[in-house]
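**Q** Provided herewith is a single structure, encoded as structure tokens, for subsequent inquiry.
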Amino acid sequence: MLDKAKPVTRAELVNRIDRTPVYRVLLLANLIGQPFFGRFGKRYGMTLNEWRIMMAIATNPGISVSEICLNTGLHIMNVSRGAAGLVRQGRAYRKTDPADRRRKILDLTEEGEAVFRDIAPGGLAWADSVFSVLDEAETAEFDRLLSKMIDHINAGGDAS
């Protein structure tokens with residue numbers, strides 16, 4: 001932990017930051033997402049955020065933009081833009097929630113379903129490849145620890 005009363009050099013901060021678990025988790029997330037653009041993004045003219053939003057819609061049909069934010073941790077502006085892009089591309093549609101006429105919900109169109117069904121198996125295979133360096137117990141422990149941290153943050157865990 002840094003002593004806030006003692007001045008710290010930029011080099012000391014950089015040396016500490018790039019070794020933190022948070023930095024390394026962000027690095028891992030970026031490395032995992034990298035192949036998406038080369039394999040699917042170009043072919044479908046789709047961003048990684050649009051794919052993340054498409055996954056959220058596919059797993060939760062009738063989800064709202066704010067719920068996508070809660071489920072994915074993505075910023076509202078990125079979700080709004082990504083959802084608008086999917087709608088513009090004809091891969092998703094917005095409609096009024098019949099249970100709450102003030103609420104707009106999203107679902108995939110037939111084209112969106114087809115794109116999802118084409119990309120998802122490759123994504124699952126890539127995830128299997130990434131996790132192949134861990135044995136079953138390590139994978140379960142990694143998942144348990146991630147869930148614990150996500151739950152802590154979602155419960156308002158102190159980030160200061």
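Identifiers for the structure tokens are assigned positionally: chains receive A, B, ... in sequence, residues are indexed from 1 per chain, and ligands are indexed from 1 in the order shown.
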Name all residues at most 10 Å from range 109-115 of chain A (count only C-alpha atoms; drop same-chain ones fewer than 6 positions away) and give them as a PyMOL selection string.

**A** chain A and resi 40+44+51+54+57-58+86-87+89-94

**Q** Go ahead and write the residues just picked, N, CA and C atoms, as a JSON list (two decimals), in the first residue's frame.

**A**
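As written to disk, result_24.json reads:
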[["chain", "number", "residue", "atom", "x", "y", "z"],
["A", 40, "PHE", "N", -14.14, -11.79, -36.44],
["A", 40, "PHE", "CA", -15.56, -11.53, -36.65],
["A", 40, "PHE", "C", -15.90, -10.06, -36.87],
["A", 44, "TYR", "N", -18.37, -8.85, -39.92],
["A", 44, "TYR", "CA", -19.72, -8.39, -39.63],
["A", 44, "TYR", "C", -19.82, -6.88, -39.43],
["A", 51, "TRP", "N", -20.67, -6.73, -29.78],
["A", 51, "TRP", "CA", -20.72, -8.18, -29.52],
["A", 51, "TRP", "C", -21.09, -8.44, -28.06],
["A", 54, "MET", "N", -24.67, -7.78, -27.73],
["A", 54, "MET", "CA", -25.42, -8.86, -28.37],
["A", 54, "MET", "C", -25.48, -10.09, -27.47],
["A", 57, "ILE", "N", -28.03, -9.45, -24.78],
["A", 57, "ILE", "CA", -29.40, -9.56, -25.29],
["A", 57, "ILE", "C", -29.76, -11.02, -25.54],
["A", 58, "ALA", "N", -28.82, -11.78, -26.11],
["A", 58, "ALA", "CA", -29.09, -13.19, -26.42],
["A", 58, "ALA", "C", -29.37, -13.99, -25.15],
["A", 86, "LEU", "N", -26.44, -1.88, -33.20],
["A", 86, "LEU", "CA", -27.09, -3.16, -33.50],
["A", 86, "LEU", "C", -28.47, -2.93, -34.14],
["A", 87, "VAL", "N", -29.19, -1.95, -33.64],
["A", 87, "VAL", "CA", -30.51, -1.63, -34.21],
["A", 87, "VAL", "C", -30.33, -1.12, -35.64],
["A", 89, "GLN", "N", -27.97, -1.74, -37.70],
["A", 89, "GLN", "CA", -27.52, -2.84, -38.57],
["A", 89, "GLN", "C", -28.62, -3.88, -38.80],
["A", 90, "GLY", "N", -29.75, -3.72, -38.13],
["A", 90, "GLY", "CA", -30.83, -4.69, -38.28],
["A", 90, "GLY", "C", -30.61, -5.97, -37.49],
["A", 91, "ARG", "N", -29.76, -5.91, -36.47],
["A", 91, "ARG", "CA", -29.46, -7.10, -35.67],
["A", 91, "ARG", "C", -30.20, -7.15, -34.35],
["A", 92, "ALA", "N", -30.77, -6.03, -33.97],
["A", 92, "ALA", "CA", -31.57, -5.96, -32.74],
["A", 92, "ALA", "C", -32.70, -4.97, -32.97],
["A", 93, "TYR", "N", -33.71, -5.05, -32.14],
["A", 93, "TYR", "CA", -34.79, -4.08, -32.20],
["A", 93, "TYR", "C", -35.19, -3.67, -30.80],
["A", 94, "ARG", "N", -35.71, -2.44, -30.73],
["A", 94, "ARG", "CA", -36.22, -1.90, -29.47],
["A", 94, "ARG", "C", -37.72, -1.93, -29.51]]

**Q** How many Å separate CA of Lys6 in chain A from CA of Leu26 in chain A?

**A**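 Rounded to one decimal, the two atoms are 27.8 Å apart.
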
**Q** CA of Val25 in chain A to CA of Met46 in chain A: how many Å, to one decimal?

**A**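 CA of Met46 in chain A lies 24.0 Å from CA of Val25 in chain A.
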
**Q** Write out as a JSON list (two decimals) with N, CA and C atoms, in the first residue's frame which residues come within 12 Å of Asn71 in chain A when counting only C-alpha atoms, dropping same-chain ones fewer than 6 positions away.

**A**
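The file below, around-v1.json, is the result:
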[["chain", "number", "residue", "atom", "x", "y", "z"],
["A", 52, "ARG", "N", -20.48, -7.69, -27.15],
["A", 52, "ARG", "CA", -20.79, -7.87, -25.73],
["A", 52, "ARG", "C", -22.27, -7.58, -25.46],
["A", 53, "ILE", "N", -22.79, -6.55, -26.11],
["A", 53, "ILE", "CA", -24.20, -6.20, -25.94],
["A", 53, "ILE", "C", -25.08, -7.28, -26.57],
["A", 55, "MET", "N", -24.36, -10.42, -26.80],
["A", 55, "MET", "CA", -24.36, -11.56, -25.88],
["A", 55, "MET", "C", -25.34, -11.31, -24.73],
["A", 56, "ALA", "N", -25.37, -10.09, -24.22],
["A", 56, "ALA", "CA", -26.29, -9.76, -23.12],
["A", 56, "ALA", "C", -27.74, -9.90, -23.56],
["A", 57, "ILE", "N", -28.03, -9.45, -24.78],
["A", 57, "ILE", "CA", -29.40, -9.56, -25.29],
["A", 57, "ILE", "C", -29.76, -11.02, -25.54],
["A", 59, "THR", "N", -28.67, -13.67, -24.07],
["A", 59, "THR", "CA", -28.86, -14.42, -22.84],
["A", 59, "THR", "C", -30.01, -13.89, -21.99],
["A", 60, "ASN", "N", -30.47, -12.67, -22.30],
["A", 60, "ASN", "CA", -31.57, -12.05, -21.55],
["A", 60, "ASN", "C", -32.50, -11.31, -22.51],
["A", 63, "ILE", "N", -34.11, -7.37, -22.46],
["A", 63, "ILE", "CA", -33.30, -6.62, -21.49],
["A", 63, "ILE", "C", -33.27, -5.14, -21.87],
["A", 64, "SER", "N", -33.15, -4.28, -20.88],
["A", 64, "SER", "CA", -33.06, -2.84, -21.14],
["A", 64, "SER", "C", -31.59, -2.42, -21.18],
["A", 65, "VAL", "N", -31.33, -1.23, -21.69],
["A", 65, "VAL", "CA", -29.97, -0.70, -21.73],
["A", 65, "VAL", "C", -29.39, -0.61, -20.32],
["A", 79, "VAL", "N", -22.99, 1.35, -24.00],
["A", 79, "VAL", "CA", -24.12, 0.45, -24.24],
["A", 79, "VAL", "C", -25.14, 1.13, -25.15],
["A", 150, "ILE", "N", -16.58, -9.68, -8.06],
["A", 150, "ILE", "CA", -17.69, -9.04, -8.76],
["A", 150, "ILE", "C", -18.83, -8.76, -7.79],
["A", 151, "ASP", "N", -19.16, -9.73, -6.96],
["A", 151, "ASP", "CA", -20.21, -9.54, -5.95],
["A", 151, "ASP", "C", -19.86, -8.41, -4.99],
["A", 154, "ASN", "N", -20.35, -5.13, -6.88],
["A", 154, "ASN", "CA", -21.79, -4.90, -7.09],
["A", 154, "ASN", "C", -22.51, -4.55, -5.80]]

**Q** Taking the backbone alone, and naming residues the way the document does, which bits of chain A are alpha helix (DSSP H) by DSSP, as a ChimeraX atom specification?

**A** /A:10-17,21-36,42-44,48-59,65-72,76-88,110-131,136-154

**Q** Selected residues, C-alpha atoms, written as an mmCIF file, in the first residue's frame, please.

**A**
data_model
loop_
_atom_site.group_PDB
_atom_site.id
_atom_site.type_symbol
_atom_site.label_atom_id
_atom_site.label_comp_id
_atom_site.auth_asym_id
_atom_site.auth_seq_id
_atom_site.Cartn_x
_atom_site.Cartn_y
_atom_site.Cartn_z
ATOM 1 C CA ARG A 10 5.975 8.386 -11.609
ATOM 2 C CA ALA A 11 8.360 5.461 -12.124
ATOM 3 C CA GLU A 12 7.392 3.994 -8.734
ATOM 4 C CA LEU A 13 3.698 4.303 -9.578
ATOM 5 C CA VAL A 14 4.115 2.717 -13.015
ATOM 6 C CA ASN A 15 6.219 -0.104 -11.561
ATOM 7 C CA ARG A 16 3.498 -0.822 -8.978
ATOM 8 C CA ILE A 17 0.506 -0.414 -11.307
ATOM 9 C CA PRO A 21 -3.934 -7.894 -10.083
ATOM 10 C CA VAL A 22 -6.422 -5.288 -11.363
ATOM 11 C CA TYR A 23 -4.065 -4.211 -14.147
ATOM 12 C CA ARG A 24 -3.388 -7.841 -15.026
ATOM 13 C CA VAL A 25 -7.133 -8.689 -15.112
ATOM 14 C CA LEU A 26 -7.662 -5.731 -17.489
ATOM 15 C CA LEU A 27 -4.741 -6.954 -19.593
ATOM 16 C CA LEU A 28 -6.218 -10.459 -19.681
ATOM 17 C CA ALA A 29 -9.649 -9.101 -20.697
ATOM 18 C CA ASN A 30 -8.068 -7.075 -23.500
ATOM 19 C CA LEU A 31 -5.981 -10.025 -24.709
ATOM 20 C CA ILE A 32 -9.033 -12.275 -24.676
ATOM 21 C CA GLY A 33 -11.016 -9.740 -26.711
ATOM 22 C CA GLN A 34 -8.255 -9.019 -29.251
ATOM 23 C CA PRO A 35 -8.951 -11.836 -31.730
ATOM 24 C CA PHE A 36 -12.610 -10.790 -32.027
ATOM 25 C CA LYS A 42 -14.328 -7.131 -39.829
ATOM 26 C CA ARG A 43 -16.622 -9.733 -41.348
ATOM 27 C CA TYR A 44 -19.721 -8.390 -39.626
ATOM 28 C CA LEU A 48 -16.346 -5.693 -29.514
ATOM 29 C CA ASN A 49 -18.828 -3.652 -27.445
ATOM 30 C CA GLU A 50 -21.617 -4.490 -29.913
ATOM 31 C CA TRP A 51 -20.721 -8.176 -29.521
ATOM 32 C CA ARG A 52 -20.793 -7.870 -25.728
ATOM 33 C CA ILE A 53 -24.199 -6.199 -25.943
ATOM 34 C CA MET A 54 -25.419 -8.859 -28.372
ATOM 35 C CA MET A 55 -24.359 -11.558 -25.877
ATOM 36 C CA ALA A 56 -26.287 -9.761 -23.115
ATOM 37 C CA ILE A 57 -29.398 -9.555 -25.293
ATOM 38 C CA ALA A 58 -29.095 -13.188 -26.420
ATOM 39 C CA THR A 59 -28.856 -14.421 -22.837
ATOM 40 C CA VAL A 65 -29.974 -0.696 -21.731
ATOM 41 C CA SER A 66 -29.639 -0.010 -17.992
ATOM 42 C CA GLU A 67 -29.841 -3.750 -17.232
ATOM 43 C CA ILE A 68 -27.127 -4.417 -19.825
ATOM 44 C CA CYS A 69 -24.950 -1.882 -17.970
ATOM 45 C CA LEU A 70 -25.542 -3.691 -14.679
ATOM 46 C CA ASN A 71 -24.925 -7.148 -16.185
ATOM 47 C CA THR A 72 -21.791 -6.266 -18.153
ATOM 48 C CA ILE A 76 -24.127 3.616 -20.261
ATOM 49 C CA MET A 77 -22.750 5.650 -23.195
ATOM 50 C CA ASN A 78 -21.009 2.587 -24.668
ATOM 51 C CA VAL A 79 -24.124 0.454 -24.236
ATOM 52 C CA SER A 80 -26.382 3.112 -25.759
ATOM 53 C CA ARG A 81 -24.086 3.514 -28.769
ATOM 54 C CA GLY A 82 -23.616 -0.226 -29.176
ATOM 55 C CA ALA A 83 -27.340 -0.942 -28.939
ATOM 56 C CA ALA A 84 -28.054 1.822 -31.453
ATOM 57 C CA GLY A 85 -25.470 0.265 -33.776
ATOM 58 C CA LEU A 86 -27.093 -3.161 -33.505
ATOM 59 C CA VAL A 87 -30.512 -1.631 -34.214
ATOM 60 C CA ARG A 88 -29.116 0.339 -37.180
ATOM 61 C CA GLU A 110 -33.490 -13.012 -37.064
ATOM 62 C CA GLU A 111 -30.310 -11.574 -38.573
ATOM 63 C CA GLY A 112 -28.969 -10.846 -35.086
ATOM 64 C CA GLU A 113 -29.732 -14.431 -34.039
ATOM 65 C CA ALA A 114 -27.874 -15.717 -37.117
ATOM 66 C CA VAL A 115 -24.829 -13.547 -36.358
ATOM 67 C CA PHE A 116 -24.884 -14.617 -32.706
ATOM 68 C CA ARG A 117 -25.089 -18.301 -33.683
ATOM 69 C CA ASP A 118 -22.141 -17.849 -36.054
ATOM 70 C CA ILE A 119 -19.865 -15.999 -33.608
ATOM 71 C CA ALA A 120 -20.704 -17.702 -30.279
ATOM 72 C CA PRO A 121 -19.163 -21.133 -31.011
ATOM 73 C CA GLY A 122 -15.848 -19.489 -31.943
ATOM 74 C CA GLY A 123 -15.980 -17.409 -28.762
ATOM 75 C CA LEU A 124 -16.630 -20.495 -26.664
ATOM 76 C CA ALA A 125 -13.770 -22.358 -28.360
ATOM 77 C CA TRP A 126 -11.454 -19.390 -27.718
ATOM 78 C CA ALA A 127 -12.495 -19.333 -24.035
ATOM 79 C CA ASP A 128 -11.774 -23.064 -23.795
ATOM 80 C CA SER A 129 -8.349 -22.455 -25.334
ATOM 81 C CA VAL A 130 -7.553 -19.620 -22.912
ATOM 82 C CA PHE A 131 -8.572 -21.712 -19.915
ATOM 83 C CA GLU A 136 -10.441 -28.184 -13.525
ATOM 84 C CA ALA A 137 -9.779 -27.204 -9.892
ATOM 85 C CA GLU A 138 -7.864 -24.054 -10.902
ATOM 86 C CA THR A 139 -10.639 -23.036 -13.284
ATOM 87 C CA ALA A 140 -13.249 -23.512 -10.549
ATOM 88 C CA GLU A 141 -11.135 -21.527 -8.071
ATOM 89 C CA PHE A 142 -10.544 -18.727 -10.596
ATOM 90 C CA ASP A 143 -14.282 -18.553 -11.267
ATOM 91 C CA ARG A 144 -15.040 -18.535 -7.529
ATOM 92 C CA LEU A 145 -12.585 -15.698 -6.908
ATOM 93 C CA LEU A 146 -13.891 -13.644 -9.833
ATOM 94 C CA SER A 147 -17.453 -14.100 -8.581
ATOM 95 C CA LYS A 148 -16.434 -13.035 -5.084
ATOM 96 C CA MET A 149 -14.817 -9.837 -6.394
ATOM 97 C CA ILE A 150 -17.695 -9.039 -8.760
ATOM 98 C CA ASP A 151 -20.207 -9.539 -5.951
ATOM 99 C CA HIS A 152 -18.132 -7.266 -3.687
ATOM 100 C CA ILE A 153 -18.085 -4.473 -6.267
ATOM 101 C CA ASN A 154 -21.790 -4.897 -7.091
#

**Q** Tell me which of A:Gly157, A:Pro7, A:Gly38, A:Pro61 sits closest to Ile105 in chain A, counting only C-alpha atoms.

**A**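 Closest candidate: A:Pro61.
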
**Q** Between CA of Asp18 in chain A and CA of Val133 in chain A, what is the spacing in Å?

**A**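 Atom-to-atom, CA of Val133 in chain A and CA of Asp18 in chain A are spaced 22.2 Å apart.
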
**Q** As a PDB file with N, CA and C atoms, in the first residue's frame, please: every residue in range 1-142 of chain A that DSSP puts in strand (DSSP E or B).

**A**
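Writing done, so here's part.pdb:
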ATOM      1  N   ILE A  63     -34.112  -7.365 -22.457  1.00  0.00           N
ATOM      2  CA  ILE A  63     -33.303  -6.625 -21.488  1.00  0.00           C
ATOM      3  C   ILE A  63     -33.274  -5.142 -21.874  1.00  0.00           C
ATOM      4  N   ALA A  92     -30.775  -6.032 -33.967  1.00  0.00           N
ATOM      5  CA  ALA A  92     -31.571  -5.956 -32.738  1.00  0.00           C
ATOM      6  C   ALA A  92     -32.700  -4.969 -32.974  1.00  0.00           C
ATOM      7  N   TYR A  93     -33.707  -5.050 -32.138  1.00  0.00           N
ATOM      8  CA  TYR A  93     -34.792  -4.077 -32.204  1.00  0.00           C
ATOM      9  C   TYR A  93     -35.188  -3.674 -30.801  1.00  0.00           C
ATOM     10  N   ARG A  94     -35.710  -2.444 -30.725  1.00  0.00           N
ATOM     11  CA  ARG A  94     -36.215  -1.896 -29.466  1.00  0.00           C
ATOM     12  C   ARG A  94     -37.718  -1.929 -29.513  1.00  0.00           C
ATOM     13  N   LYS A  95     -38.301  -2.191 -28.362  1.00  0.00           N
ATOM     14  CA  LYS A  95     -39.753  -2.088 -28.263  1.00  0.00           C
ATOM     15  C   LYS A  95     -40.116  -1.654 -26.854  1.00  0.00           C
ATOM     16  N   THR A  96     -41.332  -1.207 -26.712  1.00  0.00           N
ATOM     17  CA  THR A  96     -41.823  -0.811 -25.403  1.00  0.00           C
ATOM     18  C   THR A  96     -42.153  -2.058 -24.610  1.00  0.00           C
ATOM     19  N   ASP A  97     -41.723  -2.073 -23.362  1.00  0.00           N
ATOM     20  CA  ASP A  97     -42.004  -3.188 -22.467  1.00  0.00           C
ATOM     21  C   ASP A  97     -43.495  -3.201 -22.170  1.00  0.00           C
ATOM     22  N   ASP A 100     -44.266  -2.340 -18.573  1.00  0.00           N
ATOM     23  CA  ASP A 100     -43.943  -0.982 -18.126  1.00  0.00           C
ATOM     24  C   ASP A 100     -43.732  -0.134 -19.366  1.00  0.00           C
ATOM     25  N   ARG A 101     -44.751   0.578 -19.766  1.00  0.00           N
ATOM     26  CA  ARG A 101     -44.753   1.322 -21.021  1.00  0.00           C
ATOM     27  C   ARG A 101     -43.683   2.425 -21.064  1.00  0.00           C
ATOM     28  N   ARG A 102     -43.068   2.759 -19.937  1.00  0.00           N
ATOM     29  CA  ARG A 102     -41.995   3.762 -19.926  1.00  0.00           C
ATOM     30  C   ARG A 102     -40.652   3.143 -20.280  1.00  0.00           C
ATOM     31  N   ARG A 103     -40.572   1.853 -20.244  1.00  0.00           N
ATOM     32  CA  ARG A 103     -39.304   1.130 -20.397  1.00  0.00           C
ATOM     33  C   ARG A 103     -39.160   0.586 -21.812  1.00  0.00           C
ATOM     34  N   LYS A 104     -37.965   0.761 -22.399  1.00  0.00           N
ATOM     35  CA  LYS A 104     -37.648   0.201 -23.720  1.00  0.00           C
ATOM     36  C   LYS A 104     -36.771  -1.026 -23.521  1.00  0.00           C
ATOM     37  N   ILE A 105     -37.107  -2.085 -24.232  1.00  0.00           N
ATOM     38  CA  ILE A 105     -36.338  -3.320 -24.125  1.00  0.00           C
ATOM     39  C   ILE A 105     -35.779  -3.706 -25.488  1.00  0.00           C
ATOM     40  N   LEU A 106     -34.759  -4.549 -25.470  1.00  0.00           N
ATOM     41  CA  LEU A 106     -34.069  -4.969 -26.684  1.00  0.00           C
ATOM     42  C   LEU A 106     -34.197  -6.476 -26.875  1.00  0.00           C
ATOM     43  N   ASP A 107     -34.241  -6.855 -28.135  1.00  0.00           N
ATOM     44  CA  ASP A 107     -34.190  -8.269 -28.489  1.00  0.00           C
ATOM     45  C   ASP A 107     -33.477  -8.385 -29.823  1.00  0.00           C
ATOM     46  N   LEU A 108     -33.009  -9.581 -30.144  1.00  0.00           N
ATOM     47  CA  LEU A 108     -32.323  -9.801 -31.410  1.00  0.00           C
ATOM     48  C   LEU A 108     -33.323 -10.059 -32.526  1.00  0.00           C
TER      49      LEU A 108
END
